[in-house]
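A.B. asks: Structure in structure tokens, see below.
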Amino acid sequence: MKRALFPGSFDPITLGHYDIIKRGIKLFDEVVVAIGINADKKYMFSLEERKSFIEASFKNHPKVKVVTYKGLTIDFCKEIDAQFILRGLRNPADFEFEKAIAHTNRKLSKIETVFLLTAADTSYISSSIVRDVIRNNGDYTVLVPNSVVVK
């Protein structure tokens, strides 16, 4: 089985994330969306909310699993037998940042990182932009899947 791990904080999941996952399920037998737990980070949405947003978005896609994890991504990949890390790239800055992580992960393990370019119509979207729109009472719904609901 070709299993890919798509790690992130998903605070919240965006249409860009959604697009990468949808395209990833065409390439892999299973895509595990892994929400990293970082006690030092301040999140807008709780871990449970973030997990439920993603699960609701992919409820009709049995090839998508949603989990949480702590620690190094490559250690979690080994734990769940994921041979690939899936990452989306929006711009050259993302590439430079992700390239360094991918090289480090490859040096520490045999896990390959697979990059997908974001779709042109979602390449400007980031979770931090979405959070800013939400904080300022803007229409965030055009940036996220329908499952993301602000209370």
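Quick note on naming: the chains in the structure tokens go A, B, ... in the order shown, residues restart at 1 in each chain, and ligands are numbered from 1 in order of appearance.
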Taking a cut-off of 12 Å and counting only C-alpha atoms, can you build a table that, for each residue of segment 97-143 of chain A near segment 24-34 of chain A, reports the nearest atom pair and how far apart they are in Å (one decimal), sorted by chain then residue number, as a Markdown table?
C.D. replies:
```
| residue | atom | partner | partner_atom | distance |
| --- | --- | --- | --- | --- |
| A:Val114 | CA | A:Gly24 | CA | 9.5 |
| A:Phe115 | CA | A:Gly24 | CA | 9.9 |
| A:Leu116 | CA | A:Gly24 | CA | 8.4 |
| A:Leu117 | CA | A:Gly24 | CA | 11.3 |
| A:Thr118 | CA | A:Gly24 | CA | 11.5 |
```
A.B. asks: Could you turn the residues from that selection into a file that holds N, CA and C atoms, as a PDB file, in the first residue's frame?
C.D. replies:
```
ATOM      1  N   VAL A 114       6.856  14.194  -1.431  1.00  0.00           N
ATOM      2  CA  VAL A 114       6.258  14.446  -2.738  1.00  0.00           C
ATOM      3  C   VAL A 114       5.599  15.819  -2.684  1.00  0.00           C
ATOM      4  N   PHE A 115       6.006  16.695  -3.598  1.00  0.00           N
ATOM      5  CA  PHE A 115       5.461  18.046  -3.649  1.00  0.00           C
ATOM      6  C   PHE A 115       4.426  18.158  -4.763  1.00  0.00           C
ATOM      7  N   LEU A 116       3.317  18.785  -4.443  1.00  0.00           N
ATOM      8  CA  LEU A 116       2.319  19.145  -5.449  1.00  0.00           C
ATOM      9  C   LEU A 116       2.185  20.656  -5.455  1.00  0.00           C
ATOM     10  N   LEU A 117       2.185  21.241  -6.649  1.00  0.00           N
ATOM     11  CA  LEU A 117       1.949  22.673  -6.744  1.00  0.00           C
ATOM     12  C   LEU A 117       0.479  22.939  -6.487  1.00  0.00           C
ATOM     13  N   THR A 118       0.208  23.984  -5.739  1.00  0.00           N
ATOM     14  CA  THR A 118      -1.199  24.325  -5.496  1.00  0.00           C
ATOM     15  C   THR A 118      -1.839  24.782  -6.797  1.00  0.00           C
TER      16      THR A 118
END
```
A.B. asks: Which of these, A:Asn60, A:Thr104, A:Ser127, A:Thr113, has the shortest distance to Ile85 of chain A once you count only C-alpha atoms?
C.D. replies: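 Residue with the minimum atom-to-atom distance to Ile85 of chain A: A:Thr113.
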A.B. asks: Please provide the set of residues having any atom within 12 Å of Ile74 of chain A, restricted to only C-alpha atoms, with same-chain residues fewer than 2 positions apart removed, written as a VMD selection string.
C.D. replies: chain A and resid 4 to 7 34 69 to 72 76 to 86 101 to 113
A.B. asks: Keeping C-alpha atoms, export the residues of the selection given above as an mmCIF file, in the first residue's frame.
C.D. replies:
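Final file, result-v3.cif:
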```cif
data_model
loop_
_atom_site.group_PDB
_atom_site.id
_atom_site.type_symbol
_atom_site.label_atom_id
_atom_site.label_comp_id
_atom_site.auth_asym_id
_atom_site.auth_seq_id
_atom_site.Cartn_x
_atom_site.Cartn_y
_atom_site.Cartn_z
ATOM 1 C CA ALA A 4 1.236 9.320 2.237
ATOM 2 C CA LEU A 5 1.192 11.517 5.308
ATOM 3 C CA PHE A 6 -0.012 15.094 4.817
ATOM 4 C CA PRO A 7 1.112 16.907 7.978
ATOM 5 C CA ALA A 34 -1.961 14.356 10.308
ATOM 6 C CA TYR A 69 0.382 13.265 16.331
ATOM 7 C CA LYS A 70 3.224 14.667 18.422
ATOM 8 C CA GLY A 71 6.929 14.663 17.731
ATOM 9 C CA LEU A 72 8.893 14.287 14.535
ATOM 10 C CA PHE A 76 5.100 9.216 12.969
ATOM 11 C CA CYS A 77 5.495 8.098 9.334
ATOM 12 C CA LYS A 78 7.410 5.048 10.551
ATOM 13 C CA GLU A 79 4.771 4.381 13.212
ATOM 14 C CA ILE A 80 1.943 4.238 10.654
ATOM 15 C CA ASP A 81 4.044 2.809 7.804
ATOM 16 C CA ALA A 82 3.753 5.870 5.553
ATOM 17 C CA GLN A 83 6.396 5.803 2.835
ATOM 18 C CA PHE A 84 5.719 9.345 1.617
ATOM 19 C CA ILE A 85 5.190 12.830 2.997
ATOM 20 C CA LEU A 86 2.831 14.919 0.884
ATOM 21 C CA ILE A 101 12.813 19.942 5.622
ATOM 22 C CA ALA A 102 12.587 17.307 2.874
ATOM 23 C CA HIS A 103 16.384 16.985 2.691
ATOM 24 C CA THR A 104 16.582 16.616 6.468
ATOM 25 C CA ASN A 105 13.793 14.026 6.528
ATOM 26 C CA ARG A 106 15.482 12.087 3.711
ATOM 27 C CA LYS A 107 18.812 12.169 5.573
ATOM 28 C CA LEU A 108 17.175 10.857 8.768
ATOM 29 C CA SER A 109 14.941 8.261 7.106
ATOM 30 C CA LYS A 110 14.049 6.608 3.817
ATOM 31 C CA ILE A 111 10.811 8.580 3.569
ATOM 32 C CA GLU A 112 10.334 10.508 0.325
ATOM 33 C CA THR A 113 8.620 13.886 0.177
#
```
A.B. asks: Identify, on the basis of only C-alpha atoms, every residue whose closest approach to Gly16 of chain A does not exceed 7 Å; exclude the query and any residue fewer than 4 positions from it along the same chain; express the result as a PyMOL selection string.
C.D. replies: chain A and resi 20+118+122-123+125
A.B. asks: How many Å lie between atom CA of Val67 of chain A and atom CA of Pro92 of chain A, rounded to one decimal?
C.D. replies: 28.9 Å
